[in-house]
>>> print(open('entry22.cif').read())   # mmCIF, C-alpha atoms
data_final
#
loop_
_atom_site.label_atom_id
_atom_site.label_comp_id
_atom_site.auth_asym_id
_atom_site.auth_seq_id
_atom_site.Cartn_x
_atom_site.Cartn_y
_atom_site.Cartn_z
CA MET A 1 68.69 -130.47 -58.86
CA HIS A 2 71.75 -132.70 -59.40
CA LEU A 3 73.83 -129.58 -60.10
CA ARG A 4 72.58 -127.92 -56.93
CA SER A 5 73.45 -130.92 -54.81
CA THR A 6 76.87 -131.23 -56.39
CA LEU A 7 77.72 -127.59 -55.80
CA GLY A 8 76.49 -127.87 -52.24
CA VAL A 9 78.97 -130.69 -51.67
CA VAL A 10 81.74 -128.54 -53.18
CA LEU A 11 81.28 -126.13 -50.26
CA LEU A 12 82.03 -128.95 -47.87
CA GLY A 13 85.35 -129.37 -49.60
CA LEU A 14 86.39 -125.89 -48.56
CA THR A 15 86.97 -127.25 -45.07
CA LEU A 16 89.84 -129.37 -46.35
CA THR A 17 91.90 -126.20 -46.73
CA ALA A 18 91.93 -125.94 -42.94
CA GLY A 19 94.51 -128.75 -42.78
CA PRO A 20 94.67 -132.18 -41.20
CA ALA A 21 93.92 -130.93 -37.69
CA PHE A 22 90.33 -130.17 -38.64
CA ALA A 23 89.88 -133.48 -40.41
CA GLN A 24 91.09 -135.50 -37.42
CA SER A 25 89.80 -133.82 -34.30
CA THR A 26 87.43 -130.91 -33.71
CA PRO A 27 85.58 -129.67 -30.63
CA ASP A 28 82.02 -130.81 -30.04
CA PRO A 29 79.94 -128.31 -32.08
CA GLN A 30 77.48 -127.89 -29.23
CA THR A 31 80.08 -126.66 -26.73
CA HIS A 32 81.83 -123.39 -26.03
CA HIS A 33 85.64 -123.31 -26.03
CA HIS A 34 88.34 -120.93 -24.84
CA PRO A 35 91.71 -122.37 -25.90
CA ALA A 36 95.02 -120.62 -25.58
CA SER A 37 96.00 -118.02 -28.14
CA PRO A 38 98.25 -119.11 -31.02
CA SER A 39 101.98 -118.69 -30.57
CA SER A 40 103.31 -115.27 -31.52
CA GLY A 41 103.75 -114.95 -35.26
CA GLN A 42 101.70 -118.05 -36.11
CA TRP A 43 98.35 -117.96 -37.91
CA GLN A 44 95.32 -119.71 -36.47
CA LEU A 45 92.20 -120.47 -38.51
CA ASN A 46 88.74 -120.53 -36.94
CA GLN A 47 85.93 -121.52 -39.26
CA ASP A 48 82.26 -122.38 -39.44
CA GLY A 49 79.77 -123.24 -42.15
CA VAL A 50 76.52 -124.97 -43.05
CA VAL A 51 74.78 -126.60 -46.01
CA TYR A 52 71.00 -127.12 -46.11
CA GLY A 53 68.95 -129.37 -48.36
CA LEU A 54 65.68 -127.46 -47.98
CA PHE A 55 62.21 -128.46 -49.14
CA ASN A 56 60.25 -125.22 -48.91
CA ARG A 57 56.46 -124.92 -49.20
CA GLN A 58 55.00 -121.41 -48.99
CA GLY A 59 51.21 -121.29 -48.58
CA GLY A 60 48.45 -119.07 -49.94
CA PRO A 61 47.86 -117.66 -53.45
CA ARG A 62 51.42 -116.28 -53.65
CA GLY A 63 53.05 -119.48 -52.40
CA GLY A 64 54.67 -122.45 -54.12
CA THR A 65 56.95 -125.43 -53.61
CA GLU A 66 60.68 -125.81 -54.27
CA PHE A 67 63.90 -127.55 -53.25
CA VAL A 68 66.96 -125.36 -52.69
CA VAL A 69 70.41 -125.70 -51.07
CA PRO A 70 71.28 -122.58 -49.00
CA ASN A 71 74.85 -122.59 -47.71
CA TRP A 72 77.76 -120.50 -46.40
CA TRP A 73 81.31 -120.86 -45.15
CA MET A 74 83.21 -118.43 -42.93
CA GLY A 75 86.85 -118.31 -41.88
CA VAL A 76 88.84 -115.99 -39.61
CA TRP A 77 92.63 -116.17 -39.61
CA THR A 78 94.39 -114.44 -36.67
CA SER A 79 98.03 -113.88 -35.78
CA GLU A 80 99.55 -112.09 -32.80
CA HIS A 81 102.78 -110.10 -32.71
CA GLY A 82 103.25 -108.66 -29.24
CA PRO A 83 100.45 -106.15 -28.58
CA HIS A 84 99.34 -106.36 -32.23
CA GLN A 85 96.77 -108.79 -33.61
CA PHE A 86 96.21 -109.17 -37.34
CA GLY A 87 93.25 -110.87 -38.93
CA ILE A 88 91.87 -111.91 -42.31
CA ASN A 89 88.12 -112.53 -42.58
CA ALA A 90 86.45 -114.38 -45.44
CA MET A 91 82.91 -115.59 -46.07
CA LEU A 92 81.66 -117.41 -49.16
CA SER A 93 78.40 -118.89 -50.43
CA LEU A 94 77.38 -120.96 -53.45
CA ASP A 95 73.80 -119.65 -53.20
CA PRO A 96 73.96 -118.12 -56.71
CA ALA A 97 74.12 -121.67 -58.09
CA THR A 98 72.34 -123.77 -55.46
CA VAL A 99 69.47 -121.35 -54.70
CA GLY A 100 69.30 -119.41 -57.98
CA GLY A 101 69.29 -115.77 -58.99
CA ARG A 102 65.76 -115.14 -57.69
CA GLY A 103 66.47 -116.69 -54.31
CA TYR A 104 63.97 -118.83 -52.43
CA ARG A 105 60.27 -118.29 -51.76
CA GLU A 106 59.29 -116.42 -48.60
CA LEU A 107 55.91 -114.74 -48.16
CA PHE A 108 55.88 -110.97 -47.49
CA GLN A 109 59.64 -110.68 -48.02
CA VAL A 110 60.71 -107.72 -50.19
CA GLY A 111 64.20 -106.52 -51.03
CA GLU A 112 66.74 -106.21 -53.86
CA ALA A 113 66.01 -106.91 -57.53
CA TYR A 114 66.41 -109.48 -60.29
CA GLU A 115 66.60 -108.65 -64.01
CA GLY A 116 65.31 -105.14 -63.41
CA ALA A 117 62.26 -106.15 -61.36
CA PRO A 118 61.86 -106.18 -57.55
CA LEU A 119 62.05 -109.46 -55.67
CA VAL A 120 58.64 -109.90 -54.04
CA ASP A 121 57.65 -112.80 -51.77
CA ARG A 122 61.19 -114.08 -52.17
CA GLN A 123 64.45 -113.89 -50.21
CA HIS A 124 67.42 -112.99 -52.39
CA PRO A 125 70.44 -115.34 -52.50
CA HIS A 126 73.72 -114.46 -50.86
CA ASP A 127 76.57 -113.29 -53.06
CA PHE A 128 79.43 -115.69 -53.68
CA LEU A 129 81.85 -113.35 -51.87
CA MET A 130 80.22 -112.01 -48.72
CA GLN A 131 83.34 -111.03 -46.77
CA LEU A 132 86.97 -110.36 -47.66
CA ALA A 133 88.56 -107.97 -45.19
CA GLY A 134 91.54 -107.49 -42.95
CA THR A 135 91.75 -106.32 -39.34
CA TRP A 136 94.46 -104.82 -37.13
CA ARG A 137 93.97 -104.63 -33.39
CA ARG A 138 96.30 -103.19 -30.78
CA SER A 139 96.08 -103.33 -27.02
CA VAL A 140 96.54 -99.98 -25.30
CA GLY A 141 96.50 -100.28 -21.54
CA GLY A 142 93.12 -101.65 -20.53
CA ALA A 143 91.60 -100.95 -23.95
CA SER A 144 92.14 -101.93 -27.57
CA VAL A 145 91.73 -100.12 -30.85
CA MET A 146 90.82 -101.82 -34.09
CA PHE A 147 90.83 -100.85 -37.77
CA SER A 148 89.42 -103.04 -40.51
CA GLY A 149 88.54 -102.75 -44.16
CA GLY A 150 88.16 -104.71 -47.33
CA LEU A 151 86.50 -105.33 -50.67
CA ALA A 152 83.50 -106.93 -48.98
CA GLY A 153 82.64 -106.40 -45.36
CA GLU A 154 80.10 -105.71 -42.66
CA PRO A 155 79.36 -102.12 -41.60
CA THR A 156 78.68 -101.25 -37.97
CA LEU A 157 74.90 -101.34 -38.30
CA GLY A 158 72.40 -103.71 -36.73
CA PRO A 159 72.59 -106.76 -34.47
CA VAL A 160 74.56 -109.92 -35.20
CA ALA A 161 73.34 -111.19 -38.60
CA PHE A 162 70.71 -113.93 -38.36
CA MET A 163 73.03 -116.69 -39.73
CA HIS A 164 75.36 -116.22 -36.73
CA ARG A 165 72.80 -115.77 -33.96
CA PRO A 166 72.53 -118.88 -31.75
CA SER A 167 68.96 -117.81 -30.98
CA ALA A 168 68.16 -118.57 -34.66
CA ALA A 169 70.20 -121.77 -34.90
CA GLU A 170 67.28 -123.97 -36.03
CA LEU A 171 65.60 -121.42 -38.33
CA PRO A 172 66.81 -122.01 -41.90
CA MET A 173 64.81 -119.13 -43.43
CA ALA A 174 65.80 -115.46 -43.29
CA PRO A 175 63.74 -113.30 -40.92
CA LEU A 176 60.89 -111.29 -42.38
CA GLY A 177 62.74 -108.23 -41.03
CA HIS A 178 66.00 -109.12 -42.78
CA HIS A 179 66.13 -105.79 -44.61
CA THR A 180 65.50 -103.87 -41.40
CA PHE A 181 68.17 -105.61 -39.32
CA ASP A 182 70.63 -107.57 -41.48
CA SER A 183 70.65 -106.21 -45.03
CA THR A 184 73.97 -104.36 -44.72
CA HIS A 185 75.91 -107.41 -43.53
CA ILE A 186 77.26 -107.56 -47.12
CA SER A 187 78.68 -104.27 -48.38
CA PHE A 188 81.12 -104.08 -51.27
CA GLY A 189 83.62 -101.66 -49.79
CA VAL A 190 83.84 -100.80 -46.10
CA VAL A 191 86.30 -99.36 -43.56
CA THR A 192 85.74 -99.53 -39.80
CA ALA A 193 87.34 -98.21 -36.63
CA SER A 194 86.48 -99.17 -33.06
CA LEU A 195 87.50 -98.66 -29.45
CA ASP A 196 86.97 -101.52 -27.02
CA ARG A 197 87.24 -100.93 -23.27
CA GLY A 198 85.82 -103.27 -20.69
CA ARG A 199 82.12 -103.80 -21.22
CA TRP A 200 81.83 -101.14 -23.94
CA THR A 201 82.70 -101.08 -27.63
CA LEU A 202 82.30 -97.98 -29.82
CA GLU A 203 82.39 -98.46 -33.59
CA GLY A 204 82.04 -96.39 -36.74
CA SER A 205 82.26 -97.23 -40.43
CA ALA A 206 82.15 -95.73 -43.90
CA PHE A 207 80.86 -98.04 -46.59
CA ASN A 208 79.13 -98.54 -49.92
CA GLY A 209 75.47 -98.67 -48.95
CA ARG A 210 74.08 -99.84 -52.29
CA GLU A 211 72.40 -103.23 -52.37
CA PRO A 212 74.22 -105.94 -54.37
CA ASP A 213 72.90 -106.37 -57.91
CA ASP A 214 71.67 -109.66 -59.40
CA GLU A 215 75.15 -110.62 -60.67
CA ARG A 216 75.98 -112.60 -57.55
CA TRP A 217 79.42 -113.82 -58.62
CA ASP A 218 81.12 -110.40 -58.97
CA LEU A 219 82.06 -107.44 -56.78
CA ASP A 220 79.70 -104.43 -56.83
CA LEU A 221 82.23 -101.88 -55.63
CA GLY A 222 81.19 -98.26 -55.15
CA PRO A 223 82.11 -95.08 -53.27
CA LEU A 224 82.23 -95.16 -49.47
CA ASP A 225 79.51 -92.53 -49.08
CA SER A 226 77.35 -94.21 -46.42
CA PHE A 227 78.06 -94.02 -42.68
CA ALA A 228 77.06 -95.91 -39.54
CA GLY A 229 77.86 -95.98 -35.83
CA ARG A 230 77.24 -98.63 -33.20
CA VAL A 231 77.63 -99.03 -29.44
CA TRP A 232 77.92 -102.44 -27.77
CA PHE A 233 77.42 -103.01 -24.04
CA ARG A 234 78.21 -106.39 -22.51
CA PRO A 235 77.35 -106.34 -18.78
CA THR A 236 78.39 -110.02 -18.44
CA GLY A 237 79.78 -112.71 -20.70
CA ASN A 238 76.24 -113.94 -21.39
CA PHE A 239 74.55 -110.65 -22.36
CA ALA A 240 75.18 -108.25 -25.25
CA PHE A 241 73.24 -105.12 -26.22
CA GLN A 242 73.74 -102.89 -29.27
CA PHE A 243 72.42 -99.55 -30.46
CA SER A 244 73.22 -98.43 -33.99
CA SER A 245 72.20 -96.00 -36.71
CA GLY A 246 73.34 -95.37 -40.25
CA ARG A 247 72.69 -93.25 -43.31
CA LEU A 248 72.65 -95.23 -46.55
CA LYS A 249 73.30 -93.44 -49.83
CA GLU A 250 70.97 -94.62 -52.63
CA PRO A 251 70.68 -98.17 -51.23
CA GLU A 252 67.96 -99.46 -53.59
CA GLU A 253 68.61 -100.24 -57.23
CA LEU A 254 65.07 -99.45 -58.45
CA VAL A 255 64.05 -96.58 -56.17
CA PRO A 256 66.19 -93.41 -55.88
CA GLY A 257 66.74 -91.76 -52.52
CA ASP A 258 68.69 -92.20 -49.31
CA ALA A 259 67.63 -94.14 -46.21
CA VAL A 260 68.27 -93.79 -42.49
CA ARG A 261 68.16 -97.00 -40.48
CA SER A 262 68.35 -97.35 -36.69
CA THR A 263 68.27 -100.52 -34.58
CA ALA A 264 68.48 -101.66 -30.97
CA SER A 265 68.81 -105.25 -29.81
CA GLY A 266 69.77 -107.47 -26.92
CA SER A 267 70.88 -111.08 -26.68
CA TRP A 268 71.59 -113.70 -24.04
CA PHE A 269 73.65 -116.85 -24.61
CA ARG A 270 74.34 -119.64 -22.10
CA PRO A 271 76.48 -122.57 -23.32
CA ARG A 272 76.08 -125.99 -21.76
CA ASN A 273 78.20 -129.13 -21.89
CA GLU A 274 75.68 -130.75 -24.24
CA GLY A 275 73.91 -127.77 -25.76
CA PHE A 276 73.03 -124.14 -25.14
CA ASP A 277 70.20 -121.68 -24.57
CA ALA A 278 69.97 -118.41 -26.47
CA VAL A 279 67.50 -115.52 -26.67
CA ALA A 280 67.55 -112.36 -28.80
CA ALA A 281 65.17 -109.47 -29.45
CA GLY A 282 65.40 -106.30 -31.50
CA TYR A 283 63.65 -103.23 -32.80
CA GLY A 284 64.47 -101.33 -35.99
CA VAL A 285 63.10 -98.49 -38.09
CA THR A 286 63.94 -97.39 -41.62
CA SER A 287 63.14 -93.94 -42.93
CA ALA A 288 63.05 -93.85 -46.73
CA HIS A 289 60.96 -92.38 -49.55
CA GLY A 290 58.91 -90.24 -47.20
CA GLU A 291 57.74 -93.00 -44.87
CA LEU A 292 58.82 -94.94 -41.79
CA ARG A 293 58.79 -98.73 -41.66
CA HIS A 294 59.15 -100.35 -38.25
CA GLY A 295 60.03 -103.90 -37.32
CA THR A 296 60.61 -105.96 -34.21
CA PHE A 297 61.50 -109.58 -33.46
CA GLY A 298 62.04 -111.98 -30.61
CA GLU A 299 63.54 -115.45 -30.95
CA PHE A 300 65.04 -118.26 -28.91
CA THR A 301 66.80 -121.59 -29.28
CA THR A 302 67.18 -124.35 -26.73
CA SER A 303 69.53 -127.21 -27.55
CA ARG A 304 69.90 -130.44 -25.56
CA ARG A 305 72.16 -133.24 -26.69
CA THR A 306 70.75 -134.32 -30.08
CA MET A 307 67.53 -132.27 -30.00
CA ALA A 308 67.03 -128.54 -30.57
CA LEU A 309 64.07 -126.17 -30.88
CA SER A 310 63.83 -122.58 -32.10
CA ALA A 311 61.00 -120.06 -32.35
CA ARG A 312 60.70 -116.55 -33.73
CA LEU A 313 57.93 -113.94 -33.44
CA GLU A 314 58.07 -110.95 -35.79
CA LEU A 315 55.98 -107.86 -36.36
CA GLN A 316 57.12 -106.15 -39.54
CA GLN A 317 55.79 -103.20 -41.51
CA VAL A 318 55.97 -104.17 -45.18
CA GLU A 319 55.73 -102.23 -48.45
CA THR A 320 52.07 -102.80 -49.24
CA ASP A 321 51.89 -101.42 -52.78
CA LEU A 322 54.97 -103.35 -53.86
CA LEU A 323 53.57 -106.60 -52.47
CA ILE A 324 50.22 -106.07 -54.17
CA SER A 325 51.47 -105.20 -57.65
CA GLY A 326 54.96 -106.64 -57.72
CA GLU A 327 56.12 -103.34 -59.22
CA VAL A 328 57.72 -100.24 -57.78
CA PRO A 329 55.18 -97.35 -57.69
CA HIS A 330 57.41 -94.65 -59.25
CA ASP A 331 54.58 -92.10 -59.18
CA ALA A 332 53.82 -91.06 -55.61
CA ASP A 333 50.16 -90.56 -56.58
CA LEU A 334 49.91 -94.28 -57.35
CA ALA A 335 51.09 -95.29 -53.89
CA GLY A 336 47.73 -95.71 -52.24
CA HIS A 337 48.58 -97.85 -49.21
CA ALA A 338 50.57 -97.14 -46.10
CA PRO A 339 52.98 -99.81 -44.81
CA SER A 340 51.06 -102.82 -43.46
CA ASN A 341 51.76 -104.76 -40.27
CA VAL A 342 52.47 -108.46 -40.83
CA LEU A 343 52.76 -110.74 -37.81
CA ALA A 344 54.71 -113.98 -38.33
CA LEU A 345 55.20 -116.83 -35.85
CA THR A 346 57.73 -119.56 -36.66
CA PHE A 347 58.64 -122.80 -34.90
CA SER A 348 61.43 -125.10 -36.07
CA GLY A 349 63.35 -128.00 -34.62
CA SER A 350 65.93 -130.59 -35.50
CA ARG A 351 67.43 -133.88 -34.43
CA ARG A 352 71.14 -134.50 -34.81
CA LEU A 353 71.81 -137.82 -36.55
CA PHE A 354 75.59 -138.05 -36.58
CA THR A 355 78.93 -136.41 -35.96
CA TRP A 356 81.92 -137.49 -38.05
CA HIS A 357 85.38 -135.90 -38.10
CA GLY A 358 83.82 -132.62 -37.00
CA PHE A 359 80.88 -132.73 -39.43
CA GLU A 360 77.45 -132.64 -37.83
CA GLY A 361 74.37 -133.95 -39.67
CA ALA A 362 70.77 -133.29 -38.69
CA VAL A 363 67.22 -133.37 -40.03
CA GLY A 364 64.47 -130.96 -39.07
CA ALA A 365 61.25 -129.22 -39.91
CA GLY A 366 59.48 -125.96 -39.23
CA PHE A 367 56.41 -123.94 -40.03
CA THR A 368 55.29 -120.30 -40.09
CA THR A 369 51.82 -118.88 -39.63
CA TYR A 370 50.88 -115.27 -40.41
CA ARG A 371 48.39 -112.63 -39.41
CA VAL A 372 47.66 -110.95 -42.74
CA PRO A 373 46.63 -107.25 -42.88
CA ASP A 374 43.38 -106.43 -44.66
CA ALA A 375 45.15 -104.74 -47.59
CA LEU A 376 47.00 -107.98 -48.47
CA ARG A 377 44.28 -110.59 -47.91
CA GLU A 378 43.25 -110.66 -51.56
CA THR A 379 46.79 -111.30 -52.79
CA HIS A 380 48.14 -113.49 -49.97
CA GLY A 381 45.06 -115.14 -48.45
CA ASP A 382 43.49 -114.96 -45.02
CA HIS A 383 45.60 -117.56 -43.18
CA PRO A 384 48.60 -118.76 -45.20
CA VAL A 385 50.83 -121.36 -43.55
CA SER A 386 54.31 -122.19 -44.78
CA PHE A 387 56.50 -125.12 -43.81
CA GLN A 388 59.97 -126.52 -44.47
CA VAL A 389 61.64 -129.90 -44.14
CA PHE A 390 65.43 -129.93 -44.22
CA ALA A 391 68.59 -131.97 -43.97
CA ARG A 392 71.56 -130.01 -42.63
CA VAL A 393 75.30 -130.52 -42.43
CA ARG A 394 77.36 -128.21 -40.26
CA LEU A 395 81.01 -128.08 -41.29
CA PRO A 396 83.88 -128.78 -38.85
CA ALA A 397 84.48 -125.86 -36.51
CA GLY A 398 87.81 -124.36 -35.55
CA PRO A 399 89.50 -124.35 -32.12
CA MET A 400 86.97 -121.80 -30.86
CA GLY A 401 83.95 -123.95 -31.72
CA ARG A 402 80.93 -122.56 -33.57
CA MET A 403 81.10 -118.85 -34.42
CA TRP A 404 77.92 -117.94 -32.58
CA ASN A 405 77.41 -114.19 -32.12
CA MET A 406 80.19 -113.50 -34.60
CA VAL A 407 80.61 -109.91 -35.81
CA MET A 408 82.84 -110.02 -38.87
CA SER A 409 83.87 -106.37 -38.68
CA GLN A 410 85.36 -107.05 -35.24
CA GLY A 411 86.83 -110.47 -35.90
CA HIS A 412 85.43 -111.75 -32.61
CA ARG A 413 82.21 -112.74 -30.91
CA MET A 414 79.91 -110.35 -29.10
CA ASP A 415 79.08 -112.72 -26.26
CA GLY A 416 82.00 -111.55 -24.18
CA ALA A 417 84.54 -114.03 -25.59
CA SER A 418 86.98 -112.89 -28.26
CA MET A 419 88.03 -115.17 -31.07
CA ASP A 420 91.50 -115.53 -29.57
CA GLY A 421 90.09 -116.93 -26.34
CA ARG A 422 90.77 -113.95 -24.09
#
>>> encode(input="entry22.cif", output="structure tokens")
Amino acid sequence: MHLRSTLGVVLLGLTLTAGPAFAQSTPDPQTHHHPASPSSGQWQLNQDGVVYGLFNRQGGPRGGTEFVVPNWWMGVWTSEHGPHQFGINAMLSLDPATVGGRGYRELFQVGEAYEGAPLVDRQHPHDFLMQLAGTWRRSVGGASVMFSGGLAGEPTLGPVAFMHRPSAAELPMAPLGHHTFDSTHISFGVVTASLDRGRWTLEGSAFNGREPDDERWDLDLGPLDSFAGRVWFRPTGNFAFQFSSGRLKEPEELVPGDAVRSTASGSWFRPRNEGFDAVAAGYGVTSAHGELRHGTFGEFTTSRRTMALSARLELQQVETDLLISGEVPHDADLAGHAPSNVLALTFSGSRRLFTWHGFEGAVGAGFTTYRVPDALRETHGDHPVSFQVFARVRLPAGPMGRMWNMVMSQGHRMDGASMDGR
């Protein structure tokens, strides 16, 4: 546990690379900022990050207790040269050390593998390198075109990832539908092109659709043989809607076969002088291995001064046979159960204790209750309840404030405000 805490603190040290300006004066993390663009030819860094000390208790027969330190840091460097804007995007996490190779406990969560076996009732850790990509954007009349690509990036599939949604700001655990909505936010090899005009953005990407393996410190590069497309519509600066679909080539390590994933989502974000309100909802479906698995979620956060509250309601179709046995049913004749519907309701809140040189410290707690399908009552119990208690430090933000609604493939936010303030 001492090692985990020490490595968590190391992540805080990454902020020192931002220079003295971030150590001396940063915007209030609860506000929304639109500063002027950097001078032509100069590079501007916007950053965000968080470290949790998380006591996690998962209930029922499959539950358990643990202490883990989830964390991430994200930076976007931008520079303008006339009509051209260049960007470098990076995102790192020490989860492989502070959470462990098997990740943290989370009932009914399934996805990825560890030492040749599927991760069941656990959420996998993030890879050390989650994003390392470059972007080039050029204004053309009333529109702009963008090309991006890198060793690790985010394909154009799904809503804003849960870590960057303000509607999930007080929810430290990954959504039950993470692998329906967010699982491709880390792809080792991706290229993207987009056209942005007014309220509309059209995007397409080619990428390596295979899930990362359990060696979380390396790069799992592969051919760019998966494809996705996405449409964004932003009727106002507060609303954003996306529709996306992608074909993933052999995404799962333990189960052969391709997958087709489609999602639709909408979000609303209203900043305030001393807080914000945010709402998001989405629907997704994955077609793989001869079956469809559907999922939907709705969540909100309201933040006022030092207090904040979040809630999430999910209905997710889960892989019943895998959850029962903990093993992949390679023989189709052994797969005796259709996907089961799990309903999860989560509430979580926090109280901010301090701000210091841009750092923001808070403590909080949350709980989740489930409606368990009949097929999983024997293994997971009739009414399991899980809860968490956490201490959280948000790292100093850049000139643009917190990177809420950040889409890394674009290098700007999808709440109507670009990262350069325009």
>>> closest_residue(input="entry22.cif", among="A:Gly82, A:Pro175, A:Gly257, A:Gly111", to="A:Val140", atoms="all atoms listed in the file")
A:Gly82
>>> residues_around(input="entry22.cif", residues="A:Val191", least_positions_apart="2", cutoff="12 Å", atoms="all atoms listed in the file", output="ChimeraX atom specification")
/A:132-136,146-156,187-189,193-194,203-208,223-229,409-410
>>> resolve_selection(input="entry22.cif", expression="the PyMOL selection byres ((chain A and resi 324-326) around 7)", output="ChimeraX atom specification")
/A:118,120,320-323,327-328,376,379
>>> resolve_selection(input="entry22.cif", expression="the PyMOL selection byres ((chain A and resi 250) around 10)", output="ChimeraX atom specification")
/A:208-211,225-226,247-249,251-259,288
>>> residues_around(input="entry22.cif", residues="A:Val389", least_positions_apart="6", cutoff="8 Å", atoms="only C-alpha atoms", output="VMD selection string")
chain A and resid 54 to 56 363 to 366
>>> closest_residue(input="entry22.cif", among="A:Asn89, A:Thr355, A:Tyr104, A:Asn405", to="A:Phe239", atoms="all atoms listed in the file")
A:Asn405
>>> resolve_selection(input="entry22.cif", expression="the PyMOL selection byres ((chain A and resi 138) around 6)", output="PyMOL selection string")
chain A and resi 83-84+137+139+144-145
>>> closest_residue(input="entry22.cif", among="A:Phe233, A:Gly177, A:Phe387, A:Pro396", to="A:Arg293", atoms="only C-alpha atoms")
A:Gly177
>>> residues_around(input="entry22.cif", residues="A:Met130", least_positions_apart="3", cutoff="8 Å", atoms="only C-alpha atoms", output="PyMOL selection string")
chain A and resi 90-93+126-127+152-153+186-187
>>> write_last_selection(input="entry22.cif", atoms="C-alpha atoms", output="mmCIF file, keeping the file's coordinate frame")
data_model
loop_
_atom_site.group_PDB
_atom_site.id
_atom_site.type_symbol
_atom_site.label_atom_id
_atom_site.label_comp_id
_atom_site.auth_asym_id
_atom_site.auth_seq_id
_atom_site.Cartn_x
_atom_site.Cartn_y
_atom_site.Cartn_z
ATOM 1 C CA ALA A 90 86.450 -114.380 -45.440
ATOM 2 C CA MET A 91 82.910 -115.590 -46.070
ATOM 3 C CA LEU A 92 81.660 -117.410 -49.160
ATOM 4 C CA SER A 93 78.400 -118.890 -50.430
ATOM 5 C CA HIS A 126 73.720 -114.460 -50.860
ATOM 6 C CA ASP A 127 76.570 -113.290 -53.060
ATOM 7 C CA ALA A 152 83.500 -106.930 -48.980
ATOM 8 C CA GLY A 153 82.640 -106.400 -45.360
ATOM 9 C CA ILE A 186 77.260 -107.560 -47.120
ATOM 10 C CA SER A 187 78.680 -104.270 -48.380
#
>>> atom_distance(input="entry22.cif", atom1="atom CA of A:Arg377", atom2="atom CA of A:Gln317")
15.1 Å
>>> atom_distance(input="entry22.cif", atom1="atom CA of A:Arg165", atom2="atom CA of A:Ala278")
8.4 Å
>>> axis_aligned_box(input="entry22.cif", around="stretch 345-354 of chain A", padding_each_side="6 Å", output="AutoDock Vina command-line options")
--center_x 65.4 --center_y -127.4 --center_z -35.5 --size_x 32.4 --size_y 33.2 --size_z 14.2
>>> residues_near_point(input="entry22.cif", point="(67.1, -97.3, -35.7)", cutoff="6 Å", atoms="only C-alpha atoms", output="list in words")
Ser245, Arg261, Ser262, Thr263, Gly284 and Val285 of chain A
>>> atom_distance(input="entry22.cif", atom1="atom CA of A:Glu66", atom2="atom CA of A:Phe347")
19.7 Å
>>> closest_residue(input="entry22.cif", among="A:Val231, A:Gly101, A:Arg197, A:Pro212", to="A:Glu115", atoms="all atoms listed in the file")
A:Gly101
>>> decode(input="entry22.cif", residues="stretch 376-387 of chain A", atoms="N, CA and C atoms", output="compact mmCIF listing (two decimals), in the first residue's frame")
# COMPACT_ATOMS: atom_id res chain seq x y z
N LEU A 376 -28.35 -14.87 -12.45
CA LEU A 376 -27.13 -14.52 -11.72
C LEU A 376 -27.35 -14.39 -10.22
N ARG A 377 -28.53 -14.73 -9.73
CA ARG A 377 -28.79 -14.60 -8.29
C ARG A 377 -27.96 -15.57 -7.47
N GLU A 378 -27.73 -16.76 -7.97
CA GLU A 378 -26.95 -17.73 -7.20
C GLU A 378 -25.50 -17.31 -7.05
N THR A 379 -24.95 -16.69 -8.08
CA THR A 379 -23.54 -16.30 -8.03
C THR A 379 -23.33 -14.92 -7.41
N HIS A 380 -24.28 -14.01 -7.56
CA HIS A 380 -24.07 -12.63 -7.14
C HIS A 380 -24.99 -12.17 -6.02
N GLY A 381 -25.95 -13.01 -5.63
CA GLY A 381 -26.85 -12.64 -4.55
C GLY A 381 -28.10 -11.94 -5.06
N ASP A 382 -29.08 -11.81 -4.16
CA ASP A 382 -30.35 -11.20 -4.55
C ASP A 382 -30.28 -9.67 -4.57
N HIS A 383 -29.61 -9.08 -3.59
CA HIS A 383 -29.59 -7.61 -3.48
C HIS A 383 -28.22 -7.13 -3.04
N PRO A 384 -27.19 -7.31 -3.85
CA PRO A 384 -25.87 -6.81 -3.46
C PRO A 384 -25.83 -5.28 -3.45
N VAL A 385 -25.11 -4.73 -2.51
CA VAL A 385 -24.90 -3.28 -2.42
C VAL A 385 -23.40 -3.04 -2.29
N SER A 386 -22.89 -2.15 -3.10
CA SER A 386 -21.48 -1.80 -3.06
C SER A 386 -21.33 -0.34 -2.63
N PHE A 387 -20.21 -0.02 -1.98
CA PHE A 387 -19.98 1.37 -1.60
C PHE A 387 -18.49 1.69 -1.66
